[in-house]
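Below you'll find the structure, written out as structure tokens, and then a few comments.
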Amino acid sequence: MIVANRSDVRVVETELVSLTAESIEDLLVQWLNELIFRCETRHRLYTQFDVTLDENGRLLEATIGGEPIDRGRHVLDHEVKAATRHELSLQQVAGGWVAEVIVDI
């Protein structure tokens, strides 16, 4: 995954993502690593994420939107290699979730 200014990324195409995991923490790490994989292999940046979780937090279905990387228009910053479970923190709060994730760059 490449870190870029999100406001410079347009939604010109969408993709579907469906993931399952044994726990919601595993699902979070799998989700982030799926996004990293898609950025790396499809040479794309994403800015739109419509995500739905099942009631058990073990199934994630999403529509993600973005566009191919345009080095003339996109200012690219750090490249993220992977999300890890090391010191992962995930808490449900009023109105959503708060997560702390350590990533390898």
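Numbering starts fresh at 1 for the residues of each chain in the structure tokens, the chains themselves are lettered A, B, ... in the order given, and ligands are numbered from 1 as they appear.
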| task | Name the residues of region 25-90 of chain A that come out as alpha helix (DSSP H) in a backbone DSSP run; write them as number ranges by chain. | result | A: 25-42
| task | Using only C-alpha atoms, determine which residues lie at most 9 Å from Trp31 (chain A), disregarding the query and same-chain residues fewer than 6 positions distant; provide the list as a list of chain:residue names. | result |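 So the residues in contact are A:Val17, A:Leu19, A:Leu60.
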| request: Excluding Arg10 (chain A) and any residue of its chain fewer than 2 positions from it, enumerate the residues within 7 Å of it, using only C-alpha atoms, and give them as a PyMOL selection string. | output: chain A and resi 8+12+66-67
| message | Neighbouring residues of Leu35 (chain A) were defined as those with any atom within 12 Å, considering only C-alpha atoms; residues of the same chain fewer than 6 positions away were excluded. Please report them as a PyMOL selection string. | response | chain A and resi 1-3+15-19+28-29+41-49+62-66+80-83
Please produce a file of those selected residues containing N, CA, C and O atoms, as a short mmCIF file (atom, residue, chain, number, x, y, z; two decimals), in the first residue's frame.
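As a result, result.cif now contains:
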data_model
loop_
_atom_site.label_atom_id
_atom_site.label_comp_id
_atom_site.auth_asym_id
_atom_site.auth_seq_id
_atom_site.Cartn_x
_atom_site.Cartn_y
_atom_site.Cartn_z
N MET A 1 0.85 -1.16 0.00
CA MET A 1 0.00 0.00 0.00
C MET A 1 0.90 1.22 0.00
O MET A 1 1.91 1.26 0.68
N ILE A 2 0.50 2.20 -0.74
CA ILE A 2 1.26 3.42 -0.83
C ILE A 2 0.44 4.54 -0.18
O ILE A 2 -0.75 4.68 -0.44
N VAL A 3 1.10 5.31 0.65
CA VAL A 3 0.43 6.43 1.29
C VAL A 3 0.49 7.63 0.36
O VAL A 3 1.57 8.01 -0.11
N GLU A 15 -14.12 -2.13 -6.90
CA GLU A 15 -13.83 -3.56 -6.82
C GLU A 15 -14.56 -4.12 -5.60
O GLU A 15 -14.78 -3.40 -4.62
N LEU A 16 -14.88 -5.38 -5.65
CA LEU A 16 -15.52 -6.06 -4.52
C LEU A 16 -14.47 -6.83 -3.73
O LEU A 16 -13.56 -7.43 -4.31
N VAL A 17 -14.63 -6.84 -2.41
CA VAL A 17 -13.74 -7.58 -1.52
C VAL A 17 -14.62 -8.39 -0.57
O VAL A 17 -15.59 -7.86 -0.01
N SER A 18 -14.29 -9.65 -0.37
CA SER A 18 -14.98 -10.50 0.59
C SER A 18 -13.93 -11.30 1.35
O SER A 18 -13.13 -12.01 0.74
N LEU A 19 -13.92 -11.16 2.68
CA LEU A 19 -12.92 -11.83 3.52
C LEU A 19 -13.59 -12.48 4.72
O LEU A 19 -14.58 -11.96 5.24
N LEU A 28 -9.37 -7.58 10.71
CA LEU A 28 -8.79 -6.26 10.49
C LEU A 28 -7.43 -6.38 9.81
O LEU A 28 -7.16 -5.69 8.82
N VAL A 29 -6.58 -7.25 10.32
CA VAL A 29 -5.25 -7.42 9.73
C VAL A 29 -5.36 -7.96 8.31
O VAL A 29 -4.68 -7.50 7.40
N THR A 41 -0.09 -5.09 -6.36
CA THR A 41 -0.20 -5.92 -7.56
C THR A 41 -1.00 -5.27 -8.68
O THR A 41 -0.79 -5.57 -9.85
N ARG A 42 -1.91 -4.38 -8.33
CA ARG A 42 -2.74 -3.73 -9.34
C ARG A 42 -2.31 -2.29 -9.62
O ARG A 42 -2.91 -1.62 -10.46
N HIS A 43 -1.30 -1.83 -8.87
CA HIS A 43 -0.76 -0.48 -9.05
C HIS A 43 -1.87 0.57 -9.01
O HIS A 43 -2.02 1.39 -9.90
N ARG A 44 -2.64 0.50 -7.91
CA ARG A 44 -3.80 1.35 -7.75
C ARG A 44 -3.77 2.05 -6.39
O ARG A 44 -3.14 1.57 -5.46
N LEU A 45 -4.49 3.15 -6.31
CA LEU A 45 -4.73 3.83 -5.04
C LEU A 45 -6.23 3.81 -4.80
O LEU A 45 -7.02 3.91 -5.74
N TYR A 46 -6.62 3.68 -3.55
CA TYR A 46 -8.04 3.61 -3.19
C TYR A 46 -8.39 4.74 -2.24
O TYR A 46 -7.60 5.11 -1.37
N THR A 47 -9.59 5.26 -2.40
CA THR A 47 -10.04 6.36 -1.56
C THR A 47 -11.46 6.18 -1.03
O THR A 47 -11.88 6.87 -0.12
N GLN A 48 -12.19 5.23 -1.58
CA GLN A 48 -13.58 4.99 -1.16
C GLN A 48 -13.70 3.58 -0.62
O GLN A 48 -13.27 2.62 -1.27
N PHE A 49 -14.30 3.45 0.56
CA PHE A 49 -14.43 2.16 1.22
C PHE A 49 -15.82 2.04 1.82
O PHE A 49 -16.16 2.73 2.77
N ALA A 62 -16.96 -5.65 1.14
CA ALA A 62 -16.72 -4.24 0.87
C ALA A 62 -16.69 -3.96 -0.62
O ALA A 62 -16.39 -4.83 -1.43
N THR A 63 -17.00 -2.72 -0.93
CA THR A 63 -16.76 -2.17 -2.25
C THR A 63 -15.73 -1.07 -2.06
O THR A 63 -15.90 -0.19 -1.20
N ILE A 64 -14.63 -1.17 -2.79
CA ILE A 64 -13.56 -0.17 -2.69
C ILE A 64 -13.43 0.52 -4.03
O ILE A 64 -13.63 -0.08 -5.08
N GLY A 65 -13.14 1.81 -3.99
CA GLY A 65 -13.04 2.57 -5.22
C GLY A 65 -11.75 3.35 -5.29
O GLY A 65 -11.24 3.82 -4.28
N GLY A 66 -11.23 3.47 -6.49
CA GLY A 66 -10.00 4.21 -6.69
C GLY A 66 -9.62 4.28 -8.14
O GLY A 66 -10.48 4.18 -9.02
N VAL A 80 3.72 1.00 2.47
CA VAL A 80 3.46 0.09 3.58
C VAL A 80 3.58 -1.33 3.06
O VAL A 80 2.97 -1.69 2.05
N LYS A 81 4.37 -2.15 3.74
CA LYS A 81 4.61 -3.53 3.31
C LYS A 81 3.60 -4.51 3.88
O LYS A 81 3.21 -5.46 3.22
N ALA A 82 3.20 -4.33 5.17
CA ALA A 82 2.28 -5.28 5.79
C ALA A 82 1.74 -4.72 7.10
O ALA A 82 2.40 -3.92 7.77
N ALA A 83 0.54 -5.15 7.44
CA ALA A 83 -0.03 -4.88 8.76
C ALA A 83 0.29 -6.10 9.64
O ALA A 83 0.32 -7.23 9.16
#
| Which of chain A counts as strand (DSSP E) under DSSP, as an NGL selection string please? | :A and (2-4 or 13-20 or 44-53 or 59-68 or 76-79 or 82-83 or 89-93 or 96-100 or 103-104)
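Straight-line separation from CA of Ile105 (chain A) to CA of Val93 (chain A): 28.3 Å.
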